[in-house]
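Undergrad: First the structure, then my questions, so here it is.
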Amino acid sequence: MELELRIPREDEYGAFGQAIASAHGGDLPAGLLDRIRPVTELDRCLIALDGAEVVGTAEAVRFSLTVPGGTLAAGGVTSVGVLPTHRRRGLLTRLMRRQLDDLHAWGEPLAVLWASEGGIYHRFGYGLASWNARIEAERDRFALRHPAEPEGGVRLVGHAEALELLPAVYDRVRVATPGFFARSALAWECVTLADDEHERQGAGPLCRAVLELDGRPEAYALYRVRRAWERGVPKSRLEVAEALATSPVAERELWRYLFGVDLMETLSSRRLAIDHPLFLLVQEPARLHLSVGDGLWLRLIDVAAALAGRGYAAAGTLRLGLTDAFCPWNEGTLTLEASPGGASVTPGGEPELVLDVSDLASIYLGGFTFAALARLGRVEERCPAALARADLLFRTDRNPWCPESF
Ligand SMILES: CC(C)(COP(=O)(O)OP(=O)(O)OC[C@H]1O[C@@H](n2cnc3c(N)ncnc32)[C@H](O)[C@@H]1OP(=O)(O)O)[C@@H](O)C(=O)NCCC(=O)NCCS
């Protein structure tokens with residue numbers, strides 16, 4: 001008999017959380033569910049039930065996502081799991097079907113997620129849309145490539161002042177950076193600035209550093225120190241959770257501060273843009289020990305709305321032929337009339353480029369180009385020079401970046 005799949009009731013919230021933890025092979029941290037309950041919309045969650053037991057879960061958090069030239073509603077897909085006892089029977093497929101149908105019905109043209117494994121989501125039309133960079137830097141090798149006199153000052157602030165000052169800085173970076181999503185006051189309070197044992201993961205308390213230039217907050221860093229000593233020598237690690245700056249000077253002074261914290265052997269950061277200014281700010285990029293992995297995965301749920309809601313680098317027309325096995329309403333040809341000020345999309349036309357919706361998803365935020373996908377054989381060019389024109393239109397001046405996994 002087919003298992004029931006539906007929105008959880010309030011009294012099933014605990015079982016929903018327990019199932020997510022079990023699917024990921026871990027414990028449910030004490031207090032976590034209560035802490036995040038205010039930012040959990042149960043009617044955007046799904047459970048699969050075997051009798052009374054929750055055996056599968058998914059959630060689509062309400063996002064306002066920055067895309068090139070604007071923001072669009074998106075589902076922030078998270079809490080995806082199926083118990084080991086119920087795997088490979090199509091439960092995830094049913095959860096994804098229901099979730100994408102719901103998001104489509106709600107008029108949200110995009111879905112985004114961080115994937116635990118890259119092999120899972122292609123079949124549902126997701127494409128890798130951004131890289132995520134990490135560093136594990138040698139602190140004693142930090143030097144600025146273009147030394148400059150220090151400017152401004154850094155203050156360590158408490159939780160309440162951080163709640164007051166940080167969101168405005170975040171929002172200035174957010175609106176300019178595809179891949180960022182808006183944070184509600186509740187999300188700042190319950191998630192970003194949370195500092196319980198679960199968030200600390202054995203490191204010290206959350207430090208909230210605000211950089212002020214001419215008395216105005218222009219950058220901040222959230223970090224923890226993981227203390228360690230070896231035979232009397234400090235070997236601690238400064239773990240940056242988030243460091244955002246609104247200008248080149250603010251960027252320089254923020255990282256100068258972070259690398260200046262005493263007793264640290266290394267400085268790590270796990271979620272940086274692939275083109276982060278830090279990489280060329282320092283004299284020795286190799287000493288940052290950069291590594292790269294998957295960032296955001298993106299699904300175009302309503303391709304026409306997604307393309308019409310994005311900005312373009314130039315004016316021009318492009319006719320795209322799309323395949324989309326999981327959401328067939330996107331299949332067919334559409335004509336994009338793009339300009340830097342806006343765009344319109346109409347169905348029909350003779351396709352100049354043909355590609356799958358998951359590949360267009362990789363291109364959408366500006367993380368990959370049509371030309372790069374054509375080199376893989378993933379874009380068919382049916383009209384000479386259409387590839388170059390497409391890349392001219394979709395070009396962005398910065399790589400997409402999502403600073404927070406969810
Ligand atoms: C990933 C997970 C949700 C899959 O659930 P499931 O119910 O077993 O998935 P389905 O039965 O619907 O599988 C659908 C397809 O995806 C494939 N698939 C499932 N998990 C996969 C994985 N981890 N890697 C690659 N392919 C995977 C299946 O083989 C199946 O392929 P097919 O259509 O060609 O037969 C489940 O294994 C799980 O909970 N894993 C641990 C937690 C986790 O990683 N969650 C995702 C967080 S982003």
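Following the order of the structure tokens, chains are lettered A, B, ..., residues in each are numbered from 1, and ligands are numbered from 1.
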Determine which residues of stretch 78-244 of chain A receive a DSSP assignment of alpha helix (DSSP H), computed from the backbone, and state them as a PyMOL selection string.

TA: chain A and resi 91-105+159-174+185-187+197-200

Undergrad: Would you mind exporting the chosen residues as a short mmCIF file (atom, residue, chain, number, x, y, z; two decimals), in the first residue's frame, restricted to N, CA and C atoms?

TA:
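Result saved to result-v6.cif:
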data_model
loop_
_atom_site.label_atom_id
_atom_site.label_comp_id
_atom_site.auth_asym_id
_atom_site.auth_seq_id
_atom_site.Cartn_x
_atom_site.Cartn_y
_atom_site.Cartn_z
N LEU A 91 10.44 7.10 -2.14
CA LEU A 91 9.85 8.10 -1.24
C LEU A 91 10.38 9.51 -1.52
N LEU A 92 11.70 9.62 -1.71
CA LEU A 92 12.25 10.95 -2.03
C LEU A 92 11.62 11.49 -3.31
N THR A 93 11.47 10.61 -4.29
CA THR A 93 10.87 11.03 -5.55
C THR A 93 9.47 11.60 -5.32
N ARG A 94 8.70 10.94 -4.46
CA ARG A 94 7.35 11.45 -4.17
C ARG A 94 7.40 12.77 -3.41
N LEU A 95 8.35 12.87 -2.47
CA LEU A 95 8.48 14.14 -1.72
C LEU A 95 8.86 15.28 -2.66
N MET A 96 9.80 15.01 -3.59
CA MET A 96 10.22 16.05 -4.54
C MET A 96 9.07 16.42 -5.49
N ARG A 97 8.33 15.42 -5.91
CA ARG A 97 7.17 15.67 -6.80
C ARG A 97 6.19 16.64 -6.12
N ARG A 98 5.83 16.30 -4.90
CA ARG A 98 4.84 17.10 -4.17
C ARG A 98 5.40 18.51 -3.89
N GLN A 99 6.67 18.55 -3.50
CA GLN A 99 7.26 19.85 -3.15
C GLN A 99 7.33 20.78 -4.37
N LEU A 100 7.79 20.26 -5.50
CA LEU A 100 7.89 21.11 -6.69
C LEU A 100 6.51 21.50 -7.19
N ASP A 101 5.53 20.60 -7.09
CA ASP A 101 4.16 20.95 -7.49
C ASP A 101 3.62 22.06 -6.58
N ASP A 102 3.88 21.95 -5.27
CA ASP A 102 3.42 22.98 -4.33
C ASP A 102 4.06 24.33 -4.66
N LEU A 103 5.38 24.34 -4.84
CA LEU A 103 6.09 25.61 -5.11
C LEU A 103 5.57 26.22 -6.41
N HIS A 104 5.30 25.37 -7.39
CA HIS A 104 4.76 25.84 -8.67
C HIS A 104 3.39 26.48 -8.44
N ALA A 105 2.55 25.79 -7.67
CA ALA A 105 1.21 26.33 -7.40
C ALA A 105 1.28 27.63 -6.60
N HIS A 159 24.86 40.17 21.79
CA HIS A 159 23.80 39.62 20.93
C HIS A 159 22.82 40.72 20.50
N ALA A 160 22.40 41.54 21.45
CA ALA A 160 21.36 42.53 21.13
C ALA A 160 21.89 43.57 20.13
N GLU A 161 23.11 44.02 20.34
CA GLU A 161 23.65 45.03 19.41
C GLU A 161 23.92 44.40 18.03
N ALA A 162 24.31 43.14 18.03
CA ALA A 162 24.51 42.45 16.74
C ALA A 162 23.20 42.39 15.97
N LEU A 163 22.12 42.08 16.71
CA LEU A 163 20.80 42.04 16.06
C LEU A 163 20.42 43.38 15.45
N GLU A 164 20.91 44.43 16.09
CA GLU A 164 20.59 45.78 15.64
C GLU A 164 21.45 46.19 14.43
N LEU A 165 22.74 45.83 14.45
CA LEU A 165 23.68 46.37 13.46
C LEU A 165 23.93 45.48 12.24
N LEU A 166 23.93 44.17 12.45
CA LEU A 166 24.40 43.29 11.37
C LEU A 166 23.45 43.19 10.17
N PRO A 167 22.12 43.13 10.41
CA PRO A 167 21.24 42.93 9.25
C PRO A 167 21.40 43.98 8.15
N ALA A 168 21.65 45.22 8.50
CA ALA A 168 21.77 46.26 7.46
C ALA A 168 23.02 46.03 6.61
N VAL A 169 24.10 45.59 7.25
CA VAL A 169 25.32 45.30 6.49
C VAL A 169 25.07 44.09 5.59
N TYR A 170 24.47 43.06 6.17
CA TYR A 170 24.15 41.86 5.39
C TYR A 170 23.31 42.23 4.17
N ASP A 171 22.29 43.06 4.38
CA ASP A 171 21.38 43.38 3.28
C ASP A 171 22.07 44.15 2.16
N ARG A 172 23.05 44.97 2.51
CA ARG A 172 23.78 45.71 1.45
C ARG A 172 24.58 44.74 0.58
N VAL A 173 25.15 43.72 1.20
CA VAL A 173 25.89 42.71 0.42
C VAL A 173 24.88 41.81 -0.33
N ARG A 174 23.81 41.47 0.37
CA ARG A 174 22.82 40.54 -0.19
C ARG A 174 22.25 41.02 -1.51
N ALA A 185 14.05 38.95 10.89
CA ALA A 185 14.59 39.23 12.22
C ALA A 185 14.62 37.94 13.05
N LEU A 186 13.59 37.13 12.86
CA LEU A 186 13.54 35.85 13.60
C LEU A 186 14.67 34.92 13.19
N ALA A 187 14.99 34.90 11.88
CA ALA A 187 16.08 34.03 11.42
C ALA A 187 17.41 34.49 12.01
N GLU A 197 25.20 24.88 22.45
CA GLU A 197 26.25 23.85 22.32
C GLU A 197 26.27 23.24 20.93
N HIS A 198 25.08 23.05 20.38
CA HIS A 198 25.00 22.45 19.05
C HIS A 198 25.71 23.33 18.02
N GLU A 199 25.50 24.64 18.10
CA GLU A 199 26.15 25.55 17.15
C GLU A 199 27.65 25.62 17.40
N ARG A 200 28.05 25.52 18.63
CA ARG A 200 29.49 25.65 18.96
C ARG A 200 30.28 24.44 18.50
#

Undergrad: Ligand 1: which residues are within 8 Å, counting only C-alpha atoms and all ligand atoms? Reply as a PyMOL selection string.

TA: chain A and resi 20+23-25+56+78-84+86-95+113-121+123

Undergrad: Using only C-alpha atoms, which protein or nucleic acid residues come within 9 Å of A:Ala390? Drop anything in the same chain fewer than 6 positions from it, and give the result as number ranges by chain.

TA: A: 316-318, 353, 369-371

Undergrad: Got time to write the residues from that selection, C-alpha atoms, as a JSON list (two decimals), in the first residue's frame?

TA:
[["chain", "number", "residue", "atom", "x", "y", "z"],
["A", 316, "GLY", "CA", 19.05, 41.07, -27.24],
["A", 317, "THR", "CA", 16.78, 38.23, -28.25],
["A", 318, "LEU", "CA", 17.39, 34.54, -27.57],
["A", 353, "LEU", "CA", 20.07, 26.79, -28.38],
["A", 369, "THR", "CA", 28.36, 29.86, -19.01],
["A", 370, "PHE", "CA", 26.52, 28.49, -22.02],
["A", 371, "ALA", "CA", 29.94, 28.10, -23.68]]

Undergrad: Find the spatial neighbours of A:Glu138, counting only C-alpha atoms, within a cut-off of 12 Å - ignore same-chain residues fewer than 3 positions away - and output them as a list of chain:residue names.

TA: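 With the cut-off at 12 Å, the set is A:Ile135, A:Arg141, A:Phe142, A:Ala143, A:Lys235, A:Ser236, A:Arg237, A:Leu238, A:Phe259, A:Gly260, A:Met264, A:Glu265, A:Thr266, A:Leu267, A:Ser268, A:Val282, A:Glu284, A:Pro285, A:Ala286, A:Arg287, A:Leu288, A:His289, A:Leu290.
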
Undergrad: Take the residues just selected and output them with N, CA and C atoms as a short mmCIF file (atom, residue, chain, number, x, y, z; two decimals), in the first residue's frame.

TA:
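Listing of again_36.cif after writing:
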data_model
loop_
_atom_site.label_atom_id
_atom_site.label_comp_id
_atom_site.auth_asym_id
_atom_site.auth_seq_id
_atom_site.Cartn_x
_atom_site.Cartn_y
_atom_site.Cartn_z
N ILE A 135 38.64 27.98 3.10
CA ILE A 135 40.07 28.19 3.34
C ILE A 135 40.46 27.61 4.69
N ARG A 141 51.37 33.54 7.88
CA ARG A 141 51.78 33.93 6.53
C ARG A 141 50.88 35.02 5.97
N PHE A 142 49.99 35.54 6.78
CA PHE A 142 49.09 36.58 6.27
C PHE A 142 49.84 37.90 6.09
N ALA A 143 49.77 38.42 4.87
CA ALA A 143 50.27 39.76 4.61
C ALA A 143 49.46 40.34 3.47
N LYS A 235 47.99 26.64 19.35
CA LYS A 235 47.67 26.03 18.05
C LYS A 235 46.18 26.21 17.77
N SER A 236 45.61 27.28 18.26
CA SER A 236 44.17 27.45 18.14
C SER A 236 43.77 27.79 16.71
N ARG A 237 42.47 27.61 16.46
CA ARG A 237 41.94 27.90 15.13
C ARG A 237 40.81 28.91 15.26
N LEU A 238 40.86 29.94 14.44
CA LEU A 238 39.77 30.90 14.40
C LEU A 238 38.84 30.47 13.27
N PHE A 259 42.80 38.09 10.88
CA PHE A 259 44.11 37.46 10.86
C PHE A 259 45.00 37.98 11.99
N GLY A 260 44.57 39.06 12.62
CA GLY A 260 45.39 39.64 13.69
C GLY A 260 45.08 39.09 15.07
N MET A 264 46.21 32.24 17.44
CA MET A 264 45.64 31.37 16.41
C MET A 264 46.75 30.85 15.50
N GLU A 265 46.71 29.57 15.24
CA GLU A 265 47.63 29.04 14.24
C GLU A 265 47.00 29.10 12.84
N THR A 266 45.71 28.78 12.79
CA THR A 266 45.02 28.79 11.49
C THR A 266 43.74 29.61 11.57
N LEU A 267 43.30 30.02 10.41
CA LEU A 267 42.01 30.70 10.27
C LEU A 267 41.24 29.95 9.20
N SER A 268 40.04 29.50 9.55
CA SER A 268 39.26 28.75 8.56
C SER A 268 37.96 29.48 8.25
N VAL A 282 45.59 39.03 -0.37
CA VAL A 282 46.79 38.58 0.35
C VAL A 282 47.97 38.39 -0.60
N GLU A 284 50.12 35.90 -0.48
CA GLU A 284 50.37 34.48 -0.80
C GLU A 284 49.06 33.70 -0.81
N PRO A 285 48.33 33.76 -1.93
CA PRO A 285 47.04 33.03 -1.96
C PRO A 285 47.19 31.55 -1.61
N ALA A 286 48.30 30.93 -1.98
CA ALA A 286 48.46 29.49 -1.71
C ALA A 286 48.41 29.19 -0.22
N ARG A 287 48.81 30.18 0.61
CA ARG A 287 48.83 29.96 2.06
C ARG A 287 47.42 30.01 2.68
N LEU A 288 46.43 30.33 1.83
CA LEU A 288 45.05 30.26 2.31
C LEU A 288 44.54 28.82 2.26
N HIS A 289 45.26 27.97 1.50
CA HIS A 289 44.86 26.56 1.33
C HIS A 289 43.38 26.46 0.95
N LEU A 290 43.14 26.99 -0.23
CA LEU A 290 41.79 27.06 -0.77
C LEU A 290 41.32 25.70 -1.27
#

Undergrad: How would you write, as a PyMOL selection string, the set of residues in stretch 13-74 of chain A that DSSP gives as strand (DSSP E)?

TA: chain A and resi 45-50+53-67+70-74

Undergrad: In Å, with one decimal, what is the gap from atom CA of A:Leu244 to atom CA of A:Tyr220?

TA: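 Those two atoms sit 5.7 Å apart.
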
Undergrad: Identify, on the basis of only C-alpha atoms, every residue whose closest approach to stretch 39-41 of chain A does not exceed 9 Å; exclude the query and any residue fewer than 2 positions from it along the same chain; express the result as a list in words.

TA: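 In the requested form, the answer reads Arg35, Ile36, Arg37, Asp43, Arg44, Cys45, Glu59, Ala60, Val61, Arg62, Ser184, Leu186, Ala187, Cys190 and Val191 of chain A.
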
Undergrad: Set the distance at 9 Å and use only C-alpha atoms: which residues neighbour A:Thr71 once local chain neighbours fewer than 2 positions away are removed? I'd like the list as a list in words.

TA: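 In the requested format, the answer is Ser64, Leu65, Thr66, Val67, Pro68, Gly69, Ala73, Val175, Pro178, Phe181, Gly309 and Arg310 of chain A.
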